[in-house]
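Let me begin by presenting the structure, written as structure tokens, before commenting on it.
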Amino acid sequence: MQQVTEIQAVDFQKQIDALTAKVSMLEDMNQDQLSIAVVSGDFDKILAAMVISLGAAAMDTEVKLFFSFWSIAALRDPKKSVRGKNFISKMFGIMLPKGWEHLKLSTMNMGGVGPRMIKSIMKKHGVLSLEEMFKQAGELGIEITICEMSMDLMGIKKEELIDYPNMRIAGAVTFAGDMGESSAQLFI
Amino acid sequence: MTQEELLTVNADTCVDARGTSCPGPLLAAKKAIGTIDKGQIMEILSADEGTRNDIPKWCNKKGFECLGTLEESGFYKIYLKK
């Protein structure tokens, strides 16, 4: 009889150890972290991504942004120019907006009148400009990862991107890893 | 705290964030919170209605005590104790 109890106790201990390991793994996985995949290159969507990021960062949530495809154009620095691009890359360079100042609205762009109107209303209401938002984001330690594959596709080189403190160029695997450990994920 | 009690509160520091809207006031408060000691009181002035809800949420998360909000004409005074 006593032998049976001992075996049960050992079994229990094993189960408890397994559960403890599982719980600590789950705790490690779900950090207070927000990951956003920013794919759109529209002014309104970049604005939304930045406002949400800054709000989360103000709440001391760690924020990781993954800039992919059209959104990378928002990170181009209009003051920087790059040599040695091939024809298609040059065309992309001309067609894509050169930085956040030149982004279009997803609706009601009206040939550039829309963004200008929005920007003047934002100023009136004391909404931070995108430039100011990126500056604050850098100060708050918001991390920006830029999709390497998208940069290659569009012929955007890292020499023409803005100076941002926590910026890295990486692949989707890196972001998938970030997402896995985040408690919230968004796609904009 | 009641509104009458809030009127008598002497804040150790005041953050005037009336010039900015969401998330400006919260960012300003976050910056200023580092400059005061535990137990001290901070006053945040904001014309942004959302800040009224955001600041208590932030306090809750950070373990600060949100004392309450006074409504002035056109802006809010939000008090918190670190």
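Ordered as shown in the structure tokens, chains take letters A, B, and onward, while each chain numbers its residues from 1 and ligands are numbered from 1 in the order shown.
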Using 8 Å as the limit and counting only C-alpha atoms, can you tabulate each residue of chain B that touches chain A, with its shortest atom-to-atom distance in Å and the two atoms involved, as CSV?
residue,atom,partner,partner_atom,distance
B:Gly19,CA,A:Gly126,CA,5.5
B:Thr20,CA,A:Gly126,CA,4.1
B:Ser21,CA,A:Val127,CA,5.2
B:Cys22,CA,A:Val127,CA,6.9
B:Pro23,CA,A:Gly55,CA,5.6
B:Gly24,CA,A:Leu128,CA,7.2
B:Leu26,CA,A:Ala58,CA,6.4
B:Leu27,CA,A:Ala58,CA,5.6
B:Lys30,CA,A:Ala58,CA,6.4
B:Trp58,CA,A:Met59,CA,5.8
B:Lys61,CA,A:Met59,CA,7.6
Write the selection just made, keeping all heavy atoms, as a PDB file, in the first residue's frame?
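Writing done, so here's out.pdb:
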ATOM      1  N   GLY B  19      -1.200  71.992 -25.345  1.00  0.00           N
ATOM      2  CA  GLY B  19      -0.914  72.241 -26.759  1.00  0.00           C
ATOM      3  C   GLY B  19      -0.985  70.989 -27.628  1.00  0.00           C
ATOM      4  O   GLY B  19      -0.987  71.088 -28.843  1.00  0.00           O
ATOM      5  N   THR B  20      -0.999  69.815 -27.012  1.00  0.00           N
ATOM      6  CA  THR B  20      -0.953  68.599 -27.821  1.00  0.00           C
ATOM      7  C   THR B  20      -2.183  67.728 -27.576  1.00  0.00           C
ATOM      8  O   THR B  20      -2.846  67.836 -26.561  1.00  0.00           O
ATOM      9  CB  THR B  20       0.286  67.741 -27.500  1.00  0.00           C
ATOM     10  OG1 THR B  20       0.209  67.322 -26.132  1.00  0.00           O
ATOM     11  CG2 THR B  20       1.568  68.496 -27.706  1.00  0.00           C
ATOM     12  N   SER B  21      -2.458  66.851 -28.540  1.00  0.00           N
ATOM     13  CA  SER B  21      -3.540  65.895 -28.330  1.00  0.00           C
ATOM     14  C   SER B  21      -2.943  64.492 -28.354  1.00  0.00           C
ATOM     15  O   SER B  21      -1.746  64.328 -28.540  1.00  0.00           O
ATOM     16  CB  SER B  21      -4.627  66.073 -29.382  1.00  0.00           C
ATOM     17  OG  SER B  21      -4.177  65.640 -30.631  1.00  0.00           O
ATOM     18  N   CYS B  22      -3.789  63.496 -28.179  1.00  0.00           N
ATOM     19  CA  CYS B  22      -3.387  62.104 -28.034  1.00  0.00           C
ATOM     20  C   CYS B  22      -2.293  61.692 -29.014  1.00  0.00           C
ATOM     21  O   CYS B  22      -2.423  61.974 -30.187  1.00  0.00           O
ATOM     22  CB  CYS B  22      -4.604  61.200 -28.251  1.00  0.00           C
ATOM     23  SG  CYS B  22      -4.246  59.451 -28.368  1.00  0.00           S
ATOM     24  N   PRO B  23      -1.226  61.044 -28.632  1.00  0.00           N
ATOM     25  CA  PRO B  23      -0.865  60.660 -27.262  1.00  0.00           C
ATOM     26  C   PRO B  23       0.078  61.652 -26.577  1.00  0.00           C
ATOM     27  O   PRO B  23       0.785  61.263 -25.651  1.00  0.00           O
ATOM     28  CB  PRO B  23      -0.166  59.313 -27.474  1.00  0.00           C
ATOM     29  CG  PRO B  23       0.522  59.478 -28.800  1.00  0.00           C
ATOM     30  CD  PRO B  23      -0.267  60.495 -29.600  1.00  0.00           C
ATOM     31  N   GLY B  24       0.097  62.890 -27.031  1.00  0.00           N
ATOM     32  CA  GLY B  24       1.025  63.902 -26.491  1.00  0.00           C
ATOM     33  C   GLY B  24       1.007  64.067 -24.977  1.00  0.00           C
ATOM     34  O   GLY B  24       2.055  63.991 -24.334  1.00  0.00           O
ATOM     35  N   LEU B  26       0.051  62.100 -22.550  1.00  0.00           N
ATOM     36  CA  LEU B  26       0.552  60.928 -21.830  1.00  0.00           C
ATOM     37  C   LEU B  26       2.077  60.835 -21.944  1.00  0.00           C
ATOM     38  O   LEU B  26       2.776  60.508 -20.984  1.00  0.00           O
ATOM     39  CB  LEU B  26      -0.117  59.652 -22.365  1.00  0.00           C
ATOM     40  CG  LEU B  26       0.146  58.361 -21.610  1.00  0.00           C
ATOM     41  CD1 LEU B  26      -0.121  58.503 -20.126  1.00  0.00           C
ATOM     42  CD2 LEU B  26      -0.697  57.230 -22.157  1.00  0.00           C
ATOM     43  N   LEU B  27       2.583  61.176 -23.138  1.00  0.00           N
ATOM     44  CA  LEU B  27       4.039  61.159 -23.327  1.00  0.00           C
ATOM     45  C   LEU B  27       4.707  62.215 -22.447  1.00  0.00           C
ATOM     46  O   LEU B  27       5.752  61.963 -21.850  1.00  0.00           O
ATOM     47  CB  LEU B  27       4.384  61.399 -24.801  1.00  0.00           C
ATOM     48  CG  LEU B  27       4.036  60.266 -25.767  1.00  0.00           C
ATOM     49  CD1 LEU B  27       4.258  60.699 -27.203  1.00  0.00           C
ATOM     50  CD2 LEU B  27       4.875  59.026 -25.468  1.00  0.00           C
ATOM     51  N   LYS B  30       4.659  60.939 -18.934  1.00  0.00           N
ATOM     52  CA  LYS B  30       5.646  59.872 -18.781  1.00  0.00           C
ATOM     53  C   LYS B  30       7.045  60.459 -18.601  1.00  0.00           C
ATOM     54  O   LYS B  30       7.833  59.981 -17.795  1.00  0.00           O
ATOM     55  CB  LYS B  30       5.604  58.968 -20.017  1.00  0.00           C
ATOM     56  CG  LYS B  30       6.488  57.751 -19.924  1.00  0.00           C
ATOM     57  CD  LYS B  30       6.457  56.990 -21.227  1.00  0.00           C
ATOM     58  CE  LYS B  30       7.669  56.119 -21.413  1.00  0.00           C
ATOM     59  NZ  LYS B  30       7.662  54.927 -20.600  1.00  0.00           N
ATOM     60  N   TRP B  58      -2.985  54.351 -17.241  1.00  0.00           N
ATOM     61  CA  TRP B  58      -1.521  54.347 -17.107  1.00  0.00           C
ATOM     62  C   TRP B  58      -1.139  54.217 -15.631  1.00  0.00           C
ATOM     63  O   TRP B  58      -0.263  53.422 -15.274  1.00  0.00           O
ATOM     64  CB  TRP B  58      -0.986  55.637 -17.721  1.00  0.00           C
ATOM     65  CG  TRP B  58       0.482  55.850 -17.632  1.00  0.00           C
ATOM     66  CD1 TRP B  58       1.453  55.059 -18.160  1.00  0.00           C
ATOM     67  CD2 TRP B  58       1.145  56.945 -16.994  1.00  0.00           C
ATOM     68  NE1 TRP B  58       2.687  55.598 -17.895  1.00  0.00           N
ATOM     69  CE2 TRP B  58       2.526  56.751 -17.187  1.00  0.00           C
ATOM     70  CE3 TRP B  58       0.717  58.076 -16.309  1.00  0.00           C
ATOM     71  CZ2 TRP B  58       3.477  57.646 -16.697  1.00  0.00           C
ATOM     72  CZ3 TRP B  58       1.655  58.966 -15.831  1.00  0.00           C
ATOM     73  CH2 TRP B  58       3.020  58.752 -16.014  1.00  0.00           C
ATOM     74  N   LYS B  61      -1.546  50.733 -14.354  1.00  0.00           N
ATOM     75  CA  LYS B  61      -0.495  49.827 -14.798  1.00  0.00           C
ATOM     76  C   LYS B  61       0.807  50.072 -14.052  1.00  0.00           C
ATOM     77  O   LYS B  61       1.534  49.136 -13.731  1.00  0.00           O
ATOM     78  CB  LYS B  61      -0.301  50.021 -16.303  1.00  0.00           C
ATOM     79  CG  LYS B  61       0.544  48.937 -16.912  1.00  0.00           C
ATOM     80  CD  LYS B  61       0.563  49.016 -18.408  1.00  0.00           C
ATOM     81  CE  LYS B  61       1.510  47.967 -18.949  1.00  0.00           C
ATOM     82  NZ  LYS B  61       1.750  48.103 -20.368  1.00  0.00           N
TER      83      LYS B  61
END
Please give the complete set of residues from chain B that DSSP, run on the backbone, assigns to strand (DSSP E or B), formatted as a short mmCIF file (atom, residue, chain, number, x, y, z; two decimals) with all heavy atoms, in the first residue's frame.
data_model
loop_
_atom_site.label_atom_id
_atom_site.label_comp_id
_atom_site.auth_asym_id
_atom_site.auth_seq_id
_atom_site.Cartn_x
_atom_site.Cartn_y
_atom_site.Cartn_z
N THR B 13 4.63 69.06 -9.02
CA THR B 13 5.04 69.47 -10.37
C THR B 13 3.80 69.56 -11.26
O THR B 13 2.80 68.89 -11.02
CB THR B 13 6.08 68.49 -10.97
OG1 THR B 13 6.54 69.03 -12.21
CG2 THR B 13 5.49 67.12 -11.24
N CYS B 14 3.88 70.43 -12.27
CA CYS B 14 2.74 70.59 -13.17
C CYS B 14 3.20 70.41 -14.61
O CYS B 14 4.20 70.98 -15.03
CB CYS B 14 2.13 71.98 -12.98
SG CYS B 14 0.80 72.31 -14.14
N VAL B 15 2.47 69.57 -15.34
CA VAL B 15 2.78 69.35 -16.75
C VAL B 15 1.68 70.00 -17.58
O VAL B 15 0.53 69.60 -17.49
CB VAL B 15 2.83 67.84 -17.08
CG1 VAL B 15 3.10 67.61 -18.55
CG2 VAL B 15 3.90 67.15 -16.23
N ASP B 16 2.04 71.01 -18.33
CA ASP B 16 1.04 71.67 -19.16
C ASP B 16 1.10 71.09 -20.56
O ASP B 16 1.99 71.41 -21.34
CB ASP B 16 1.30 73.18 -19.19
CG ASP B 16 0.13 73.92 -19.84
OD1 ASP B 16 -0.75 73.26 -20.43
OD2 ASP B 16 0.10 75.16 -19.74
N ILE B 41 3.10 64.60 -5.81
CA ILE B 41 1.89 64.72 -6.64
C ILE B 41 2.18 65.48 -7.93
O ILE B 41 2.89 66.48 -7.93
CB ILE B 41 0.77 65.41 -5.82
CG1 ILE B 41 0.30 64.46 -4.71
CG2 ILE B 41 -0.41 65.80 -6.72
CD1 ILE B 41 -0.64 65.10 -3.72
N MET B 42 1.63 64.97 -9.02
CA MET B 42 1.81 65.62 -10.32
C MET B 42 0.45 66.07 -10.86
O MET B 42 -0.55 65.37 -10.72
CB MET B 42 2.46 64.65 -11.29
CG MET B 42 2.81 65.27 -12.63
SD MET B 42 4.05 64.29 -13.52
CE MET B 42 3.00 63.12 -14.33
N GLU B 43 0.47 67.25 -11.43
CA GLU B 43 -0.75 67.81 -12.03
C GLU B 43 -0.54 67.85 -13.54
O GLU B 43 0.49 68.33 -14.01
CB GLU B 43 -0.95 69.22 -11.48
CG GLU B 43 -2.16 69.94 -12.00
CD GLU B 43 -2.22 71.40 -11.50
OE1 GLU B 43 -1.16 72.00 -11.25
OE2 GLU B 43 -3.33 71.91 -11.34
N ILE B 44 -1.51 67.31 -14.28
CA ILE B 44 -1.39 67.32 -15.74
C ILE B 44 -2.53 68.15 -16.32
O ILE B 44 -3.70 67.88 -16.04
CB ILE B 44 -1.44 65.88 -16.31
CG1 ILE B 44 -0.32 65.02 -15.70
CG2 ILE B 44 -1.32 65.89 -17.83
CD1 ILE B 44 -0.73 63.60 -15.48
N LEU B 45 -2.18 69.15 -17.09
CA LEU B 45 -3.20 69.95 -17.75
C LEU B 45 -3.34 69.46 -19.19
O LEU B 45 -2.35 69.37 -19.91
CB LEU B 45 -2.82 71.43 -17.76
CG LEU B 45 -2.39 72.07 -16.44
CD1 LEU B 45 -2.12 73.56 -16.64
CD2 LEU B 45 -3.45 71.87 -15.37
N SER B 46 -4.57 69.11 -19.57
CA SER B 46 -4.77 68.61 -20.92
C SER B 46 -6.12 69.06 -21.46
O SER B 46 -7.13 69.02 -20.76
CB SER B 46 -4.69 67.09 -20.92
OG SER B 46 -5.08 66.60 -22.18
N GLU B 65 -1.17 56.40 -7.98
CA GLU B 65 -2.55 56.61 -7.52
C GLU B 65 -3.13 57.80 -8.28
O GLU B 65 -2.61 58.92 -8.20
CB GLU B 65 -2.54 56.90 -6.01
CG GLU B 65 -3.90 56.93 -5.41
CD GLU B 65 -3.89 57.39 -3.95
OE1 GLU B 65 -2.80 57.42 -3.36
OE2 GLU B 65 -4.96 57.73 -3.44
N CYS B 66 -4.21 57.55 -9.03
CA CYS B 66 -4.86 58.66 -9.73
C CYS B 66 -5.84 59.30 -8.76
O CYS B 66 -6.77 58.65 -8.27
CB CYS B 66 -5.57 58.16 -10.99
SG CYS B 66 -6.06 59.50 -12.06
N LEU B 67 -5.61 60.58 -8.46
CA LEU B 67 -6.42 61.22 -7.42
C LEU B 67 -7.74 61.74 -7.96
O LEU B 67 -8.72 61.82 -7.24
CB LEU B 67 -5.62 62.38 -6.78
CG LEU B 67 -4.28 61.97 -6.16
CD1 LEU B 67 -3.53 63.21 -5.68
CD2 LEU B 67 -4.46 60.99 -5.01
N GLY B 68 -7.77 62.11 -9.23
CA GLY B 68 -9.03 62.58 -9.81
C GLY B 68 -8.81 63.68 -10.82
O GLY B 68 -7.68 64.08 -11.10
N THR B 69 -9.91 64.15 -11.38
CA THR B 69 -9.85 65.15 -12.45
C THR B 69 -10.74 66.35 -12.13
O THR B 69 -11.87 66.18 -11.68
CB THR B 69 -10.33 64.53 -13.78
OG1 THR B 69 -9.58 63.36 -14.04
CG2 THR B 69 -10.17 65.49 -14.94
N LEU B 70 -10.19 67.52 -12.34
CA LEU B 70 -11.00 68.74 -12.23
C LEU B 70 -11.25 69.26 -13.64
O LEU B 70 -10.35 69.27 -14.47
CB LEU B 70 -10.24 69.81 -11.44
CG LEU B 70 -10.14 69.65 -9.92
CD1 LEU B 70 -9.31 70.79 -9.35
CD2 LEU B 70 -11.51 69.64 -9.26
N GLU B 71 -12.50 69.66 -13.90
CA GLU B 71 -12.82 70.17 -15.22
C GLU B 71 -12.80 71.69 -15.19
O GLU B 71 -13.54 72.32 -14.44
CB GLU B 71 -14.19 69.65 -15.64
CG GLU B 71 -14.31 69.56 -17.13
CD GLU B 71 -15.59 68.87 -17.58
OE1 GLU B 71 -16.06 67.96 -16.88
OE2 GLU B 71 -16.11 69.28 -18.62
N GLU B 72 -11.92 72.27 -15.99
CA GLU B 72 -11.88 73.72 -16.13
C GLU B 72 -12.55 74.07 -17.46
O GLU B 72 -12.92 73.18 -18.21
CB GLU B 72 -10.43 74.21 -16.13
CG GLU B 72 -9.68 73.92 -14.85
CD GLU B 72 -9.95 74.95 -13.76
OE1 GLU B 72 -10.11 76.13 -14.10
OE2 GLU B 72 -10.01 74.56 -12.58
N PHE B 75 -10.38 72.73 -20.59
CA PHE B 75 -9.32 71.74 -20.35
C PHE B 75 -9.55 71.01 -19.02
O PHE B 75 -10.46 71.35 -18.26
CB PHE B 75 -7.92 72.41 -20.39
CG PHE B 75 -7.64 73.37 -19.27
CD1 PHE B 75 -6.91 72.95 -18.15
CD2 PHE B 75 -8.05 74.70 -19.31
CE1 PHE B 75 -6.62 73.82 -17.12
CE2 PHE B 75 -7.76 75.58 -18.28
CZ PHE B 75 -7.05 75.13 -17.18
N TYR B 76 -8.72 70.01 -18.79
CA TYR B 76 -8.85 69.20 -17.57
C TYR B 76 -7.57 69.29 -16.75
O TYR B 76 -6.48 69.46 -17.29
CB TYR B 76 -9.09 67.73 -17.93
CG TYR B 76 -10.30 67.52 -18.79
CD1 TYR B 76 -10.18 67.37 -20.17
CD2 TYR B 76 -11.57 67.48 -18.23
CE1 TYR B 76 -11.29 67.19 -20.96
CE2 TYR B 76 -12.70 67.29 -19.02
CZ TYR B 76 -12.55 67.15 -20.38
OH TYR B 76 -13.65 66.96 -21.17
N LYS B 77 -7.76 69.18 -15.43
CA LYS B 77 -6.60 69.08 -14.54
C LYS B 77 -6.66 67.68 -13.93
O LYS B 77 -7.60 67.36 -13.21
CB LYS B 77 -6.69 70.10 -13.42
CG LYS B 77 -6.39 71.52 -13.82
CD LYS B 77 -6.62 72.40 -12.60
CE LYS B 77 -6.12 73.81 -12.81
NZ LYS B 77 -6.45 74.63 -11.62
N ILE B 78 -5.66 66.87 -14.22
CA ILE B 78 -5.65 65.50 -13.71
C ILE B 78 -4.53 65.38 -12.69
O ILE B 78 -3.41 65.84 -12.93
CB ILE B 78 -5.45 64.49 -14.86
CG1 ILE B 78 -6.48 64.75 -15.96
CG2 ILE B 78 -5.57 63.06 -14.37
CD1 ILE B 78 -6.10 64.28 -17.33
N TYR B 79 -4.86 64.79 -11.53
CA TYR B 79 -3.88 64.69 -10.45
C TYR B 79 -3.50 63.23 -10.22
O TYR B 79 -4.36 62.36 -10.21
CB TYR B 79 -4.45 65.28 -9.16
CG TYR B 79 -4.68 66.75 -9.25
CD1 TYR B 79 -5.91 67.26 -9.68
CD2 TYR B 79 -3.68 67.65 -8.92
CE1 TYR B 79 -6.12 68.61 -9.79
CE2 TYR B 79 -3.88 69.01 -9.02
CZ TYR B 79 -5.10 69.49 -9.46
OH TYR B 79 -5.31 70.83 -9.57
N LEU B 80 -2.21 63.01 -10.02
CA LEU B 80 -1.79 61.66 -9.65
C LEU B 80 -0.67 61.71 -8.63
O LEU B 80 0.08 62.69 -8.54
CB LEU B 80 -1.36 60.85 -10.88
CG LEU B 80 -0.10 61.22 -11.63
CD1 LEU B 80 1.11 60.51 -11.05
CD2 LEU B 80 -0.25 60.82 -13.08
N LYS B 81 -0.62 60.65 -7.83
CA LYS B 81 0.41 60.54 -6.79
C LYS B 81 1.32 59.39 -7.17
O LYS B 81 0.86 58.29 -7.43
CB LYS B 81 -0.29 60.26 -5.46
CG LYS B 81 0.58 60.43 -4.24
CD LYS B 81 -0.29 60.23 -3.02
CE LYS B 81 0.46 60.47 -1.75
NZ LYS B 81 -0.41 60.26 -0.59
#
Distance query range 76-89 of chain A at most 6 Å, only C-alpha atoms, self and fewer than 5 positions along chain excluded, as a list of chain:residue names: A:Lys98, A:Gly99, A:Gly155, A:Glu160, A:Leu161, A:Ile162
Mind writing the picked residues with C-alpha atoms as a PDB file, in the first residue's frame?
ATOM      1  CA  LYS A  98      10.210  60.303 -50.731  1.00  0.00           C
ATOM      2  CA  GLY A  99       9.615  60.109 -46.996  1.00  0.00           C
ATOM      3  CA  GLY A 155      15.471  48.888 -54.979  1.00  0.00           C
ATOM      4  CA  GLU A 160      18.615  56.512 -48.352  1.00  0.00           C
ATOM      5  CA  LEU A 161      16.695  55.727 -45.154  1.00  0.00           C
ATOM      6  CA  ILE A 162      16.164  58.100 -42.233  1.00  0.00           C
TER       7      ILE A 162
END
Find the residues around Ala176 in chain A up to 12 Å (only C-alpha atoms counted), leave out those fewer than 4 positions away in its own chain, and share them as a PyMOL selection string. chain A and resi 35-37+64-66+145+147+170-172+180-182+185
